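The structure file query.pdb is reproduced below (PDB, C-alpha atoms).
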MODEL        1
ATOM      1  CA  MET F   1     124.865 201.056 135.050
ATOM      2  CA  THR F   2     127.542 199.235 133.028
ATOM      3  CA  LYS F   3     126.313 197.373 129.956
ATOM      4  CA  LEU F   4     126.757 193.636 129.568
ATOM      5  CA  PHE F   5     125.981 191.633 126.454
ATOM      6  CA  VAL F   6     125.160 187.943 126.951
ATOM      7  CA  ILE F   7     125.221 186.391 123.496
ATOM      8  CA  LYS F   8     124.280 182.849 122.560
ATOM      9  CA  ILE F   9     125.631 181.490 119.278
ATOM     10  CA  GLY F  10     123.621 178.812 117.489
ATOM     11  CA  GLY F  11     124.929 175.417 116.477
ATOM     12  CA  ASN F  12     124.511 175.909 112.730
ATOM     13  CA  ILE F  13     126.947 178.826 112.850
ATOM     14  CA  ILE F  14     129.456 176.736 114.800
ATOM     15  CA  ASP F  15     129.289 174.168 112.008
ATOM     16  CA  ASP F  16     130.206 176.795 109.394
ATOM     17  CA  GLU F  17     133.873 177.753 109.690
ATOM     18  CA  LYS F  18     133.610 181.010 107.709
ATOM     19  CA  LYS F  19     130.424 182.210 109.396
ATOM     20  CA  LEU F  20     131.814 181.382 112.837
ATOM     21  CA  SER F  21     135.039 183.271 112.140
ATOM     22  CA  SER F  22     133.113 186.318 110.908
ATOM     23  CA  PHE F  23     130.816 186.220 113.936
ATOM     24  CA  LEU F  24     133.726 185.923 116.376
ATOM     25  CA  ARG F  25     135.460 188.894 114.738
ATOM     26  CA  SER F  26     132.292 190.955 115.363
ATOM     27  CA  PHE F  27     132.026 189.634 118.928
ATOM     28  CA  ALA F  28     135.678 190.513 119.601
ATOM     29  CA  ALA F  29     135.021 194.099 118.468
ATOM     30  CA  ILE F  30     132.371 194.704 121.156
ATOM     31  CA  ASP F  31     133.764 197.286 123.578
ATOM     32  CA  GLU F  32     131.341 196.519 126.416
ATOM     33  CA  LYS F  33     131.529 193.609 128.857
ATOM     34  CA  LYS F  34     130.529 190.408 127.091
ATOM     35  CA  ILE F  35     129.771 186.740 127.664
ATOM     36  CA  LEU F  36     129.395 184.194 124.865
ATOM     37  CA  VAL F  37     127.420 180.967 125.351
ATOM     38  CA  HIS F  38     127.662 178.210 122.752
ATOM     39  CA  GLY F  39     126.300 174.755 122.044
ATOM     40  CA  GLY F  40     128.080 172.131 120.008
ATOM     41  CA  GLY F  41     126.572 172.070 116.564
ATOM     42  CA  LYS F  42     126.416 168.799 114.692
ATOM     43  CA  LEU F  43     129.826 167.527 115.750
ATOM     44  CA  ALA F  44     128.514 165.751 118.871
ATOM     45  CA  THR F  45     125.733 164.085 116.876
ATOM     46  CA  LYS F  46     128.148 162.993 114.130
ATOM     47  CA  LEU F  47     130.564 161.566 116.682
ATOM     48  CA  ALA F  48     127.742 159.703 118.445
ATOM     49  CA  GLU F  49     126.590 158.217 115.138
ATOM     50  CA  LYS F  50     130.124 157.014 114.350
ATOM     51  CA  MET F  51     130.192 155.302 117.732
ATOM     52  CA  GLY F  52     126.742 153.772 117.210
ATOM     53  CA  ILE F  53     125.104 155.751 120.009
ATOM     54  CA  GLU F  54     121.527 156.650 119.074
ATOM     55  CA  GLN F  55     120.590 160.298 119.608
ATOM     56  CA  LYS F  56     117.082 161.304 120.668
ATOM     57  CA  LEU F  57     115.551 164.783 120.779
ATOM     58  CA  VAL F  58     112.299 165.741 122.498
ATOM     59  CA  GLU F  59     110.952 169.273 121.920
ATOM     60  CA  GLY F  60     114.359 170.333 120.623
ATOM     61  CA  ARG F  61     116.195 169.030 123.685
ATOM     62  CA  ARG F  62     118.669 166.171 123.640
ATOM     63  CA  ILE F  63     118.093 163.026 125.683
ATOM     64  CA  THR F  64     121.468 162.459 127.336
ATOM     65  CA  ASP F  65     122.399 158.918 128.365
ATOM     66  CA  ALA F  66     125.749 158.159 130.037
ATOM     67  CA  GLU F  67     127.628 157.624 126.756
ATOM     68  CA  THR F  68     126.145 160.712 125.130
ATOM     69  CA  LEU F  69     127.166 162.741 128.189
ATOM     70  CA  LYS F  70     130.794 161.766 127.589
ATOM     71  CA  ILE F  71     130.566 162.851 123.972
ATOM     72  CA  VAL F  72     128.897 166.228 124.583
ATOM     73  CA  THR F  73     131.355 167.017 127.380
ATOM     74  CA  MET F  74     134.320 166.231 125.108
ATOM     75  CA  VAL F  75     132.899 168.186 122.176
ATOM     76  CA  TYR F  76     131.243 171.161 123.899
ATOM     77  CA  ALA F  77     133.632 171.822 126.791
ATOM     78  CA  GLY F  78     136.640 170.583 124.821
ATOM     79  CA  TYR F  79     137.123 171.168 121.116
ATOM     80  CA  VAL F  80     134.338 173.676 120.399
ATOM     81  CA  ASN F  81     135.018 175.833 123.456
ATOM     82  CA  LYS F  82     138.780 176.002 122.950
ATOM     83  CA  ASN F  83     138.474 176.570 119.206
ATOM     84  CA  ILE F  84     136.272 179.597 119.878
ATOM     85  CA  VAL F  85     138.645 180.933 122.557
ATOM     86  CA  ALA F  86     141.676 180.484 120.280
ATOM     87  CA  GLN F  87     139.966 182.402 117.465
ATOM     88  CA  LEU F  88     138.979 185.230 119.804
ATOM     89  CA  GLN F  89     142.585 185.507 120.973
ATOM     90  CA  SER F  90     143.619 185.871 117.327
ATOM     91  CA  PHE F  91     141.251 188.864 117.117
ATOM     92  CA  ASN F  92     142.903 190.490 120.175
ATOM     93  CA  CYS F  93     140.008 189.559 122.453
ATOM     94  CA  ASN F  94     141.323 188.138 125.720
ATOM     95  CA  ALA F  95     138.875 185.295 126.356
ATOM     96  CA  ILE F  96     138.628 182.501 128.874
ATOM     97  CA  GLY F  97     136.767 179.246 128.172
ATOM     98  CA  LEU F  98     134.551 177.933 130.941
ATOM     99  CA  SER F  99     131.794 175.472 131.710
ATOM    100  CA  GLY F 100     129.304 175.608 134.547
ATOM    101  CA  VAL F 101     131.522 173.198 136.478
ATOM    102  CA  ASP F 102     134.498 175.574 136.646
ATOM    103  CA  GLY F 103     134.594 177.754 139.742
ATOM    104  CA  ASP F 104     131.260 176.263 140.780
ATOM    105  CA  ILE F 105     129.717 178.791 138.372
ATOM    106  CA  ILE F 106     126.503 176.981 137.440
ATOM    107  CA  LEU F 107     124.834 174.500 139.773
ATOM    108  CA  ALA F 108     122.096 172.321 138.354
ATOM    109  CA  HIS F 109     120.027 169.262 139.147
ATOM    110  CA  LYS F 110     119.064 166.295 137.003
ATOM    111  CA  ARG F 111     115.817 167.136 135.251
ATOM    112  CA  LYS F 112     112.664 165.615 136.728
ATOM    113  CA  HIS F 113     109.774 165.055 134.351
ATOM    114  CA  PRO F 114     106.550 163.103 134.948
ATOM    115  CA  VAL F 115     106.728 161.295 131.600
ATOM    116  CA  ILE F 116     110.085 161.800 129.855
ATOM    117  CA  ASP F 117     113.438 160.604 131.189
ATOM    118  CA  TYR F 118     115.880 163.154 129.802
ATOM    119  CA  GLY F 119     118.845 161.267 131.234
ATOM    120  CA  PHE F 120     121.762 163.405 132.406
ATOM    121  CA  VAL F 121     120.178 166.707 131.462
ATOM    122  CA  GLY F 122     120.485 169.530 133.962
ATOM    123  CA  ASP F 123     118.103 172.290 134.972
ATOM    124  CA  VAL F 124     119.870 175.297 136.471
ATOM    125  CA  ASP F 125     119.584 176.049 140.189
ATOM    126  CA  SER F 126     122.034 178.931 140.622
ATOM    127  CA  VAL F 127     124.692 181.043 138.935
ATOM    128  CA  ASN F 128     127.774 182.323 140.763
ATOM    129  CA  ALA F 129     127.331 185.981 139.768
ATOM    130  CA  PRO F 130     130.099 187.378 142.040
ATOM    131  CA  LEU F 131     132.711 185.177 140.355
ATOM    132  CA  LEU F 132     131.480 186.147 136.889
ATOM    133  CA  LYS F 133     131.643 189.830 137.832
ATOM    134  CA  ASN F 134     135.165 189.328 139.178
ATOM    135  CA  LEU F 135     136.286 187.803 135.875
ATOM    136  CA  LEU F 136     134.570 190.526 133.834
ATOM    137  CA  THR F 137     136.278 193.291 135.841
ATOM    138  CA  GLN F 138     139.608 191.808 134.702
ATOM    139  CA  ASN F 139     138.586 192.627 131.118
ATOM    140  CA  LEU F 140     138.142 188.992 130.205
ATOM    141  CA  SER F 141     135.504 187.895 127.722
ATOM    142  CA  LEU F 142     133.837 184.723 128.995
ATOM    143  CA  VAL F 143     133.030 181.792 126.701
ATOM    144  CA  PHE F 144     130.656 179.178 128.156
ATOM    145  CA  ALA F 145     130.158 175.571 127.158
ATOM    146  CA  PRO F 146     126.749 174.166 128.241
ATOM    147  CA  ILE F 147     127.989 171.612 130.756
ATOM    148  CA  THR F 148     126.977 172.004 134.414
ATOM    149  CA  HIS F 149     127.185 169.895 137.573
ATOM    150  CA  ASP F 150     125.190 168.996 140.668
ATOM    151  CA  GLN F 151     128.004 169.481 143.245
ATOM    152  CA  SER F 152     127.943 165.723 143.886
ATOM    153  CA  GLY F 153     130.307 164.821 141.077
ATOM    154  CA  GLN F 154     127.710 164.420 138.330
ATOM    155  CA  LEU F 155     128.168 166.277 135.050
ATOM    156  CA  LEU F 156     124.968 167.440 133.348
ATOM    157  CA  ASN F 157     124.220 168.466 129.769
ATOM    158  CA  THR F 158     122.284 171.724 129.921
ATOM    159  CA  ASN F 159     120.508 173.603 127.146
ATOM    160  CA  ALA F 160     122.728 176.469 125.963
ATOM    161  CA  ASP F 161     119.769 178.833 125.477
ATOM    162  CA  THR F 162     118.797 178.217 129.086
ATOM    163  CA  ILE F 163     122.347 178.843 130.304
ATOM    164  CA  ALA F 164     122.428 182.151 128.431
ATOM    165  CA  GLN F 165     119.105 183.114 129.998
ATOM    166  CA  GLU F 166     120.180 182.126 133.526
ATOM    167  CA  ILE F 167     123.491 183.988 133.254
ATOM    168  CA  ALA F 168     121.678 187.066 131.920
ATOM    169  CA  LYS F 169     119.183 186.934 134.790
ATOM    170  CA  ALA F 170     121.893 186.461 137.423
ATOM    171  CA  MET F 171     123.913 189.420 136.133
ATOM    172  CA  SER F 172     120.953 191.802 135.746
ATOM    173  CA  GLY F 173     121.381 193.070 139.308
ATOM    174  CA  GLU F 174     124.883 194.333 138.520
ATOM    175  CA  TYR F 175     124.664 195.292 134.848
ATOM    176  CA  GLU F 176     122.280 196.568 132.213
ATOM    177  CA  VAL F 177     121.985 193.235 130.428
ATOM    178  CA  LYS F 178     121.062 192.644 126.813
ATOM    179  CA  LEU F 179     120.533 188.997 125.918
ATOM    180  CA  ILE F 180     121.044 188.132 122.254
ATOM    181  CA  TYR F 181     120.238 184.772 120.674
ATOM    182  CA  SER F 182     122.157 184.715 117.387
ATOM    183  CA  PHE F 183     121.772 181.857 114.930
ATOM    184  CA  GLU F 184     121.208 181.145 111.229
ATOM    185  CA  LYS F 185     117.733 182.677 110.901
ATOM    186  CA  SER F 186     116.936 186.391 110.528
ATOM    187  CA  GLY F 187     114.762 186.369 113.648
ATOM    188  CA  VAL F 188     111.446 184.884 114.726
ATOM    189  CA  LEU F 189     109.749 184.138 111.425
ATOM    190  CA  MET F 190     106.047 184.062 110.635
ATOM    191  CA  ASP F 191     106.963 181.543 107.922
ATOM    192  CA  VAL F 192     110.029 179.419 108.678
ATOM    193  CA  ASN F 193     110.756 179.133 104.945
ATOM    194  CA  ASP F 194     110.613 182.892 104.323
ATOM    195  CA  GLU F 195     113.549 184.901 105.703
ATOM    196  CA  THR F 196     111.689 188.141 104.978
ATOM    197  CA  SER F 197     108.817 187.242 107.341
ATOM    198  CA  VAL F 198     110.635 188.457 110.464
ATOM    199  CA  ILE F 199     108.405 189.476 113.367
ATOM    200  CA  GLN F 200     110.221 192.673 114.412
ATOM    201  CA  LYS F 201     108.635 192.914 117.853
ATOM    202  CA  LEU F 202     106.912 190.235 119.909
ATOM    203  CA  ASN F 203     105.164 190.449 123.260
ATOM    204  CA  TRP F 204     103.814 187.677 125.466
ATOM    205  CA  GLU F 205     100.211 187.845 124.256
ATOM    206  CA  GLU F 206     101.256 187.764 120.596
ATOM    207  CA  TYR F 207     103.597 184.874 121.298
ATOM    208  CA  GLN F 208     100.846 182.797 122.920
ATOM    209  CA  ASN F 209      98.567 183.451 119.979
ATOM    210  CA  LEU F 210     101.197 182.424 117.424
ATOM    211  CA  LYS F 211     102.411 179.422 119.403
ATOM    212  CA  ASN F 212      99.117 177.624 119.959
ATOM    213  CA  PRO F 213      97.690 175.326 117.281
ATOM    214  CA  PRO F 214      95.100 176.613 114.807
ATOM    215  CA  GLY F 215      91.554 176.163 116.071
ATOM    216  CA  SER F 216      92.532 175.924 119.758
ATOM    217  CA  SER F 217      90.745 178.086 122.307
ATOM    218  CA  LEU F 218      94.054 179.812 123.095
ATOM    219  CA  GLY F 219      94.875 181.057 119.627
ATOM    220  CA  ASP F 220      94.824 180.566 115.911
ATOM    221  CA  GLY F 221      98.560 180.286 115.402
ATOM    222  CA  GLY F 222     100.723 177.219 115.381
ATOM    223  CA  LYS F 223     102.925 179.351 113.143
ATOM    224  CA  ILE F 224     106.105 179.515 115.203
ATOM    225  CA  PHE F 225     108.642 176.806 114.367
ATOM    226  CA  ALA F 226     108.754 174.252 117.212
ATOM    227  CA  GLY F 227     112.523 174.585 117.625
ATOM    228  CA  MET F 228     112.086 178.292 118.382
ATOM    229  CA  ILE F 229     109.691 177.752 121.295
ATOM    230  CA  PRO F 230     112.295 176.895 123.994
ATOM    231  CA  LYS F 231     114.301 179.964 122.900
ATOM    232  CA  LEU F 232     111.262 182.228 123.217
ATOM    233  CA  ASP F 233     110.211 180.707 126.542
ATOM    234  CA  ASN F 234     113.716 181.518 127.819
ATOM    235  CA  ALA F 235     113.521 185.039 126.408
ATOM    236  CA  PHE F 236     110.311 185.919 128.247
ATOM    237  CA  ALA F 237     111.568 184.315 131.479
ATOM    238  CA  ALA F 238     114.680 186.499 131.248
ATOM    239  CA  LEU F 239     112.645 189.691 130.782
ATOM    240  CA  LYS F 240     110.487 188.872 133.787
ATOM    241  CA  SER F 241     113.658 188.490 135.875
ATOM    242  CA  GLY F 242     115.215 191.861 135.147
ATOM    243  CA  VAL F 243     117.040 191.445 131.837
ATOM    244  CA  ASN F 244     116.885 194.752 129.966
ATOM    245  CA  LYS F 245     116.251 193.448 126.450
ATOM    246  CA  VAL F 246     116.179 190.190 124.476
ATOM    247  CA  ILE F 247     116.911 190.090 120.748
ATOM    248  CA  ILE F 248     116.830 187.081 118.425
ATOM    249  CA  GLY F 249     118.403 187.177 114.990
ATOM    250  CA  LYS F 250     121.056 186.338 112.421
ATOM    251  CA  ALA F 251     124.618 185.850 113.652
ATOM    252  CA  GLU F 252     126.000 187.710 110.630
ATOM    253  CA  GLU F 253     124.070 190.807 111.753
ATOM    254  CA  LEU F 254     125.452 190.928 115.286
ATOM    255  CA  GLU F 255     126.178 194.670 115.234
ATOM    256  CA  LYS F 256     122.620 195.444 114.089
ATOM    257  CA  LEU F 257     121.191 193.028 116.673
ATOM    258  CA  MET F 258     123.074 194.866 119.408
ATOM    259  CA  LYS F 259     121.491 198.131 118.247
ATOM    260  CA  GLY F 260     118.039 196.551 117.876
ATOM    261  CA  THR F 261     117.857 197.406 114.166
ATOM    262  CA  ALA F 262     117.640 193.783 113.009
ATOM    263  CA  GLY F 263     116.082 190.545 114.227
ATOM    264  CA  THR F 264     113.163 190.200 116.625
ATOM    265  CA  THR F 265     113.027 192.269 119.797
ATOM    266  CA  ILE F 266     111.176 190.500 122.606
ATOM    267  CA  ASN F 267     109.379 192.819 125.010
ATOM    268  CA  ASN F 268     106.924 192.789 127.898
ATOM    269  CA  GLU F 269     104.671 195.474 126.462
TER     270      GLU F 269
ENDMDL
END

Let me see whether you can do it: turn the structure in this file into C-alpha cells.
Amino acid sequence: MTKLFVIKIGGNIIDDEKKLSSFLRSFAAIDEKKILVHGGGKLATKLAEKMGIEQKLVEGRRITDAETLKIVTMVYAGYVNKNIVAQLQSFNCNAIGLSGVDGDIILAHKRKHPVIDYGFVGDVDSVNAPLLKNLLTQNLSLVFAPITHDQSGQLLNTNADTIAQEIAKAMSGEYEVKLIYSFEKSGVLMDVNDETSVIQKLNWEEYQNLKNPPGSSLGDGGKIFAGMIPKLDNAFAALKSGVNKVIIGKAEELEKLMKGTAGTTINNE
C-alpha cells in the first residue's frame, strides 16, 4: 500500500520565519505522498486585537464570533496558506493551497454544546477522499487551511488538529497513513518545562492515567499540559479509525519523526 504522510504544523512554528522555512524545506524533501495542515499562529489574534475584537479560548479552542470568522478566514486561508505554498514552490515542491470549502472537500456542522457557545466553529462530518486521492495522484502536495463549510453557505473555523485527524482517517482506506503533529515541543512531555521529559511511547491507558487530576479515582496524573489534550484525543481517535501511526514532536526534527526515532509515538498497545 502506498504511504501517505499527513502532517500538521503548529502555530508557533508558523510565527517563526526561520523555523517555518527550515520545516518546509524538510517537508518538500519527502518523496512519498504528503498533505500539510496548518493553523494560523498568532497573526489572527494580533489582527483581532488591533481591531478591538476580543478573543476567547476554551480548552485550547477558539470561540469564533462573526467578526473573528472573517479574520481567521483571511489569515488562515489567505496569507498563511499562500505563504506556505509559495515557499514550497521555491523548494521545487509543487503544492496547492486548499481549505475545506474548496472542491467540497470537508463538510462540517456548527458545533453543538450543552453549555458553551463556540460560535462559528465547525465539527467535521465528512472528507471527500476521492478528490484528495485524485489530486495526490497528480503529484501535488496539498496544503490545508482549517476553514470548512456546511454546504449552506456558512464558513466554519475548524481546529487544525482535528482536520489533520479527519483527513488521515478518510485516507486510511487507500494509503498507509502516518499522522504527524509537529510543533515547538519535543513531544508529549511529562513536565511541560523540561524538554528532556519526552514520553517516547504512549498508549490509551497511560494517557488516561496521566490526563486525570491527582487524587481522582481515574488516575494520579494531571501531568499532561492542557493544550496537548485535544491533540492526543485526536491521535487516539485516528488510530481507532485505521491510521497506521501517530507521532507528536518537534517540527525541526521532521525527518526523525517520520522514522519514529524522535517525539512521542502514540499506539493502541

Run the PyMOL selection byres ((chain F and resi 137) around 12) against the file shown and list the residues it catches, as a VMD selection string. chain F and resid 2 4 32 to 34 130 to 136 138 to 142 174 to 175

May I have the residues within 10 Å of F:Ser182 as an MDAnalysis selection string, using all atoms listed in the file and disregarding those fewer than 6 positions away in the same chain? chainID F and resid 7:11 13 23 247:254 257 263

Include C-alpha atoms and write out the residues we just selected as a CSV table (one decimal), keeping the file's coordinate frame.
chain,number,residue,atom,x,y,z
F,7,ILE,CA,125.2,186.4,123.5
F,8,LYS,CA,124.3,182.8,122.6
F,9,ILE,CA,125.6,181.5,119.3
F,10,GLY,CA,123.6,178.8,117.5
F,11,GLY,CA,124.9,175.4,116.5
F,13,ILE,CA,126.9,178.8,112.8
F,23,PHE,CA,130.8,186.2,113.9
F,247,ILE,CA,116.9,190.1,120.7
F,248,ILE,CA,116.8,187.1,118.4
F,249,GLY,CA,118.4,187.2,115.0
F,250,LYS,CA,121.1,186.3,112.4
F,251,ALA,CA,124.6,185.8,113.7
F,252,GLU,CA,126.0,187.7,110.6
F,253,GLU,CA,124.1,190.8,111.8
F,254,LEU,CA,125.5,190.9,115.3
F,257,LEU,CA,121.2,193.0,116.7
F,263,GLY,CA,116.1,190.5,114.2

Residue among F:Gln208, F:Thr264, F:Asn244, F:Ser26 lying closest to F:Cys93, counting all atoms listed in the file: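 For F:Cys93, the nearest of the given residues is F:Ser26.
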
Tell me, as a PDB file with C-alpha atoms, in the frame of the given file, which residues lie within 12 Å of F:Ala164, counting all atoms listed in the file; anything in the same chain fewer than 6 positions away does not count.
ATOM      1  CA  PHE F   5     125.981 191.633 126.454  1.00  0.00           C
ATOM      2  CA  VAL F   6     125.160 187.943 126.951  1.00  0.00           C
ATOM      3  CA  ILE F   7     125.221 186.391 123.496  1.00  0.00           C
ATOM      4  CA  LYS F   8     124.280 182.849 122.560  1.00  0.00           C
ATOM      5  CA  ILE F   9     125.631 181.490 119.278  1.00  0.00           C
ATOM      6  CA  GLY F  10     123.621 178.812 117.489  1.00  0.00           C
ATOM      7  CA  LYS F  34     130.529 190.408 127.091  1.00  0.00           C
ATOM      8  CA  ILE F  35     129.771 186.740 127.664  1.00  0.00           C
ATOM      9  CA  LEU F  36     129.395 184.194 124.865  1.00  0.00           C
ATOM     10  CA  VAL F  37     127.420 180.967 125.351  1.00  0.00           C
ATOM     11  CA  HIS F  38     127.662 178.210 122.752  1.00  0.00           C
ATOM     12  CA  GLY F  39     126.300 174.755 122.044  1.00  0.00           C
ATOM     13  CA  SER F  99     131.794 175.472 131.710  1.00  0.00           C
ATOM     14  CA  GLY F 100     129.304 175.608 134.547  1.00  0.00           C
ATOM     15  CA  ILE F 106     126.503 176.981 137.440  1.00  0.00           C
ATOM     16  CA  VAL F 124     119.870 175.297 136.471  1.00  0.00           C
ATOM     17  CA  VAL F 127     124.692 181.043 138.935  1.00  0.00           C
ATOM     18  CA  LEU F 142     133.837 184.723 128.995  1.00  0.00           C
ATOM     19  CA  VAL F 143     133.030 181.792 126.701  1.00  0.00           C
ATOM     20  CA  PHE F 144     130.656 179.178 128.156  1.00  0.00           C
ATOM     21  CA  ALA F 145     130.158 175.571 127.158  1.00  0.00           C
ATOM     22  CA  PRO F 146     126.749 174.166 128.241  1.00  0.00           C
ATOM     23  CA  THR F 158     122.284 171.724 129.921  1.00  0.00           C
ATOM     24  CA  ALA F 170     121.893 186.461 137.423  1.00  0.00           C
ATOM     25  CA  MET F 171     123.913 189.420 136.133  1.00  0.00           C
ATOM     26  CA  VAL F 177     121.985 193.235 130.428  1.00  0.00           C
ATOM     27  CA  LYS F 178     121.062 192.644 126.813  1.00  0.00           C
ATOM     28  CA  LEU F 179     120.533 188.997 125.918  1.00  0.00           C
ATOM     29  CA  ILE F 180     121.044 188.132 122.254  1.00  0.00           C
ATOM     30  CA  TYR F 181     120.238 184.772 120.674  1.00  0.00           C
ATOM     31  CA  SER F 182     122.157 184.715 117.387  1.00  0.00           C
ATOM     32  CA  LYS F 231     114.301 179.964 122.900  1.00  0.00           C
ATOM     33  CA  ASN F 234     113.716 181.518 127.819  1.00  0.00           C
ATOM     34  CA  ALA F 235     113.521 185.039 126.408  1.00  0.00           C
ATOM     35  CA  ALA F 237     111.568 184.315 131.479  1.00  0.00           C
ATOM     36  CA  ALA F 238     114.680 186.499 131.248  1.00  0.00           C
ATOM     37  CA  VAL F 243     117.040 191.445 131.837  1.00  0.00           C
ATOM     38  CA  VAL F 246     116.179 190.190 124.476  1.00  0.00           C
TER      39      VAL F 246
END

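With all atoms listed in the file as the atoms that count, the minimum distance from F:Glu176 to the choices F:Asn94, F:Lys245, F:Ser152, F:Thr196 is reached by F:Lys245.
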
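Residues matched by the PyMOL selection byres ((chain F and resi 156) around 7) in this structure: Phe120, Val121, Gly122, Ile147, Thr148, His149, Gln154, Leu155, Asn157 and Thr158 of chain F.
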
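Residues matching the PyMOL selection byres ((chain F and resi 89) around 12) in this structure come to Ser21, Leu24, Arg25, Phe27, Ala28, Ala29, Lys82, Asn83, Ile84, Val85, Ala86, Gln87, Leu88, Ser90, Phe91, Asn92, Cys93, Asn94, Ala95, Ile96, Gly97, Leu140, Ser141, Leu142 and Val143 of chain F.
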
So what do you get for atom CA of F:Lys185 versus atom CA of F:Ile167, distance-wise?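 Going from atom CA of F:Lys185 over to atom CA of F:Ile167 covers 23.1 Å.
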
Distance in Å - atom CA of F:Thr73 versus atom CA of F:Met228: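 Those two atoms sit 24.1 Å apart.
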
Can you work out the spacing between atom CA of F:Asp15 and atom CA of F:Lys223 in Å, to one decimal?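 Computing the Euclidean distance for atom CA of F:Asp15 and atom CA of F:Lys223 yields 26.9 Å.
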
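Distances to F:Asp123 were evaluated for F:Leu43, F:Ala160, F:Val75, F:Leu98 using all atoms listed in the file, and the minimum falls at F:Ala160.
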
Between F:Ser126, F:Ile116, F:Gln200, F:Tyr207, which one has atoms that come closest to F:Asp104, using all atoms listed in the file? F:Ser126

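If you measure from each of F:Ala129, F:Ala77, F:Ile229, F:Met51 to F:Gly173 using all atoms listed in the file, the closest one turns out to be F:Ala129.
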
Looking at only C-alpha atoms, which of F:Gln55, F:Asn159, F:Ser186, F:Gln151 is the one that sits closest to F:Thr68? F:Gln55
